[in-house]
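Structure record follows, encoded as structure tokens.
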Amino acid sequence: IKLPNTEHVQLIPKVDYTYDIICHAKDVARIDSPIVDFLDRKANGNPLYIVDALLQFENEGLIKVVDEELILPNEEFVQNVENNDISVPISVESVCGMLLDSLSTTQQVALKVAAMIGTEFSCADVRKRFPMDELKGELTEQWTLLANAGVIELVDPDDEKSRRQSFVKEGDDKDIVRYKFKSEWVKESVINRMLYKQREALANLI
């Protein structure tokens, strides 16, 4: 990109674009709100996740395009959302799986603990429940790496900067910082990759 005074252009998903992404992908002018609300929460503005989810929903008969509108033909979609019965789209889980496989053991275990805690977590929460004592010393430096990899992000970057600065003066490390998974589907993919015994063991620590 050659524009005057342009030094850096950051291309990142934004949840604000979900509606426009859906309109463009399905060539529609209006969308039933439950579809947008669900994808806002699950995909966090990631175009790949949104487009693949729409394809799966359409194949399953959960959504339908009628006269340039994306509609819910029946109550099945809403009921499935209420019952937490919509699984991570296969292609999305595959992408998440490849990303997770590229991470170190410390990073993978940290994410598994974090996923069992919830969509949002503090570094201190994970450290307290981290099951491998010999790797705890590596935890602090992993969060920035995971954020750079696009797996997690700061809950409130501006707030965390000020809080971190105030705690550094007292000698604390970065464990006070709060992160969240980039999307709920990333978190669910982490959980889906765990064996039942792993989930049970981590749940007991939570």
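In the structure tokens, chains take the letters A, B, ... in the order shown, each chain's residues start at 1, and ligands count up from 1 in the order shown.
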Among range 63-94 of chain A, which residues does DSSP mark as alpha helix (DSSP H) when it is run on the backbone? Keep the chain and numbering as in the structure and answer as a PyMOL selection string.
chain A and resi 76-82+90-94
Please list as a PyMOL selection string every residue within 9 Å of range 117-134 of chain A, counting only C-alpha atoms and excluding residues in the same chain fewer than 4 positions away.
chain A and resi 106+109-113+138-140+143+155+174-184+187+202-203+205-206
Leaving out Glu76 in chain A and any residue of its chain fewer than 2 positions from it, which residues lie within 12 Å of it when counting only C-alpha atoms, given as a list in words?
Pro34, Ile35, Phe57, Glu60, Gly61, Leu62, Ile63, Ile71, Leu72, Pro73, Asn74, Val78, Gln79, Asn80, Val81, Glu82, Asn83, Asn84, Asp85 and Ile86 of chain A
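Atom pair CA of Val190 in chain A / CA of Leu146 in chain A: separated by 13.4 Å.
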Just the residues within 10 Å of Ala53 in chain A, please, counting only C-alpha atoms, with nothing from its chain fewer than 6 positions along; format it as a PyMOL selection string.
chain A and resi 39+42-43+47+59+87-92
Val36 in chain A environment, 12 Å, only C-alpha atoms, sequence neighbours closer than 5 positions dropped, as a list in words:
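Residues meeting the cut-off are Val15, Asp16, Tyr17, Thr18, Tyr19, Asp20, Ile21, Ile22, Cys23, Arg30, Ile31, Arg41, Lys42, Ala43, Asn44, Gly45, Ile50, Ala53, Leu54, Ile63, Leu70, Ile71, Leu72 and Val78 of chain A.
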Run DSSP on the backbone of this structure and report the residues of chain A it assigns to strand (DSSP E), as a VMD selection string.
chain A and resid 30 to 31 64 to 66 69 to 71 120 to 122 152 to 154 178 to 181
Generate a file of the selected residues that holds N, CA, C and O atoms, formatted as a CSV table (one decimal), in the first residue's frame.
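Contents of selection05.csv, as written:
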chain,number,residue,atom,x,y,z
A,30,ARG,N,-30.5,-7.6,4.2
A,30,ARG,CA,-31.1,-7.7,5.6
A,30,ARG,C,-30.8,-9.0,6.2
A,30,ARG,O,-30.8,-10.0,5.4
A,31,ILE,N,-30.6,-9.1,7.5
A,31,ILE,CA,-30.3,-10.3,8.2
A,31,ILE,C,-31.1,-10.4,9.4
A,31,ILE,O,-31.2,-9.4,10.2
A,64,LYS,N,-31.7,-19.3,5.6
A,64,LYS,CA,-32.1,-19.4,4.2
A,64,LYS,C,-32.1,-18.0,3.6
A,64,LYS,O,-32.5,-17.0,4.3
A,65,VAL,N,-31.7,-17.8,2.3
A,65,VAL,CA,-31.8,-16.6,1.6
A,65,VAL,C,-33.1,-16.5,0.8
A,65,VAL,O,-33.4,-17.3,0.0
A,66,VAL,N,-33.9,-15.4,1.1
A,66,VAL,CA,-35.1,-15.2,0.5
A,66,VAL,C,-35.3,-13.7,0.1
A,66,VAL,O,-35.2,-12.9,1.0
A,69,GLU,N,-32.8,-11.4,1.6
A,69,GLU,CA,-32.8,-11.4,3.0
A,69,GLU,C,-32.3,-12.7,3.6
A,69,GLU,O,-32.7,-13.8,3.0
A,70,LEU,N,-31.5,-12.7,4.6
A,70,LEU,CA,-31.0,-13.9,5.2
A,70,LEU,C,-31.9,-14.1,6.5
A,70,LEU,O,-31.9,-13.4,7.4
A,71,ILE,N,-32.7,-15.2,6.4
A,71,ILE,CA,-33.8,-15.4,7.4
A,71,ILE,C,-33.6,-16.7,8.1
A,71,ILE,O,-32.8,-17.6,7.7
A,120,GLU,N,-12.9,-15.3,29.4
A,120,GLU,CA,-12.0,-14.4,30.0
A,120,GLU,C,-11.2,-15.0,31.2
A,120,GLU,O,-11.8,-15.8,31.9
A,121,PHE,N,-10.0,-14.6,31.4
A,121,PHE,CA,-9.2,-15.2,32.5
A,121,PHE,C,-8.0,-14.2,32.8
A,121,PHE,O,-7.6,-13.4,32.0
A,122,SER,N,-7.5,-14.3,34.0
A,122,SER,CA,-6.3,-13.6,34.4
A,122,SER,C,-5.1,-14.6,34.3
A,122,SER,O,-5.3,-15.8,34.5
A,152,ILE,N,-5.4,-15.2,21.7
A,152,ILE,CA,-6.0,-14.4,22.8
A,152,ILE,C,-5.7,-12.9,22.6
A,152,ILE,O,-4.9,-12.5,21.7
A,153,GLU,N,-6.4,-12.1,23.4
A,153,GLU,CA,-6.2,-10.6,23.3
A,153,GLU,C,-6.5,-10.1,24.7
A,153,GLU,O,-7.2,-10.7,25.5
A,154,LEU,N,-5.9,-8.9,24.9
A,154,LEU,CA,-6.2,-8.2,26.2
A,154,LEU,C,-7.7,-7.8,26.3
A,154,LEU,O,-8.3,-7.4,25.3
A,178,ARG,N,-5.5,-9.3,32.4
A,178,ARG,CA,-6.6,-10.2,32.0
A,178,ARG,C,-6.6,-10.3,30.5
A,178,ARG,O,-6.5,-9.3,29.8
A,179,TYR,N,-6.8,-11.5,30.0
A,179,TYR,CA,-7.0,-11.8,28.6
A,179,TYR,C,-8.3,-12.5,28.3
A,179,TYR,O,-9.0,-12.9,29.2
A,180,LYS,N,-8.6,-12.5,27.0
A,180,LYS,CA,-9.8,-13.3,26.6
A,180,LYS,C,-9.4,-14.0,25.3
A,180,LYS,O,-8.5,-13.6,24.6
A,181,PHE,N,-10.1,-15.1,25.0
A,181,PHE,CA,-9.9,-15.8,23.8
A,181,PHE,C,-10.4,-14.9,22.6
A,181,PHE,O,-11.4,-14.2,22.8
Determine the nearest neighbour of Glu58 in chain A from the options A:Phe77, A:Asp37, A:Leu99, A:Asn46, counting only C-alpha atoms.
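For Glu58 in chain A, the nearest of the candidates is A:Phe77.
Compared by their closest atoms to Arg193 in chain A, and using only C-alpha atoms, the residues A:Glu75, A:His24, A:Asp101, A:Leu48 rank with A:Asp101 nearest.
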Excluding Leu100 in chain A and any residue of its chain fewer than 3 positions from it, enumerate the residues within 10 Å of it, using only C-alpha atoms, and give them as an mmCIF file with N, CA and C atoms, in the first residue's frame.
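Heads up, here's the output in part_35.cif:
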data_model
loop_
_atom_site.group_PDB
_atom_site.id
_atom_site.type_symbol
_atom_site.label_atom_id
_atom_site.label_comp_id
_atom_site.auth_asym_id
_atom_site.auth_seq_id
_atom_site.Cartn_x
_atom_site.Cartn_y
_atom_site.Cartn_z
ATOM 1 N N SER A 94 -10.818 -27.042 12.277
ATOM 2 C CA SER A 94 -9.610 -27.499 11.598
ATOM 3 C C SER A 94 -8.528 -26.414 11.613
ATOM 4 N N VAL A 95 -8.937 -25.169 11.311
ATOM 5 C CA VAL A 95 -7.988 -24.049 11.336
ATOM 6 C C VAL A 95 -7.435 -23.848 12.740
ATOM 7 N N CYS A 96 -8.326 -23.866 13.738
ATOM 8 C CA CYS A 96 -7.894 -23.711 15.129
ATOM 9 C C CYS A 96 -6.949 -24.842 15.523
ATOM 10 N N GLY A 97 -7.260 -26.056 15.046
ATOM 11 C CA GLY A 97 -6.424 -27.207 15.370
ATOM 12 C C GLY A 97 -5.008 -27.056 14.846
ATOM 13 N N LEU A 103 1.798 -24.617 18.568
ATOM 14 C CA LEU A 103 2.215 -24.001 19.825
ATOM 15 C C LEU A 103 3.086 -24.937 20.657
ATOM 16 N N SER A 104 3.809 -24.349 21.585
ATOM 17 C CA SER A 104 4.651 -25.148 22.481
ATOM 18 C C SER A 104 3.788 -25.870 23.513
ATOM 19 N N THR A 105 4.389 -26.828 24.211
ATOM 20 C CA THR A 105 3.662 -27.566 25.248
ATOM 21 C C THR A 105 3.141 -26.624 26.327
ATOM 22 N N GLN A 107 2.400 -23.468 26.100
ATOM 23 C CA GLN A 107 1.302 -22.664 25.565
ATOM 24 C C GLN A 107 0.014 -23.486 25.457
ATOM 25 N N GLN A 108 0.126 -24.713 24.999
ATOM 26 C CA GLN A 108 -1.060 -25.559 24.857
ATOM 27 C C GLN A 108 -1.709 -25.853 26.204
ATOM 28 N N LEU A 111 -3.417 -22.741 27.583
ATOM 29 C CA LEU A 111 -4.704 -22.478 26.924
ATOM 30 C C LEU A 111 -5.781 -23.449 27.389
ATOM 31 N N ALA A 149 0.080 -14.541 18.233
ATOM 32 C CA ALA A 149 -0.344 -15.651 17.372
ATOM 33 C C ALA A 149 -1.826 -15.573 17.018
ATOM 34 N N VAL A 151 -4.430 -15.924 19.179
ATOM 35 C CA VAL A 151 -5.274 -16.845 19.953
ATOM 36 C C VAL A 151 -6.033 -16.109 21.054
ATOM 37 N N VAL A 186 -12.605 -20.441 19.305
ATOM 38 C CA VAL A 186 -11.230 -20.832 19.613
ATOM 39 C C VAL A 186 -11.203 -21.548 20.958
ATOM 40 N N SER A 189 -12.735 -24.947 20.641
ATOM 41 C CA SER A 189 -11.840 -25.855 19.919
ATOM 42 C C SER A 189 -10.771 -26.408 20.854
ATOM 43 N N VAL A 190 -10.273 -25.567 21.744
ATOM 44 C CA VAL A 190 -9.277 -26.015 22.734
ATOM 45 C C VAL A 190 -9.887 -27.103 23.615
ATOM 46 N N ARG A 193 -10.438 -30.554 21.967
ATOM 47 C CA ARG A 193 -9.238 -31.340 21.711
ATOM 48 C C ARG A 193 -8.729 -32.071 22.956
#
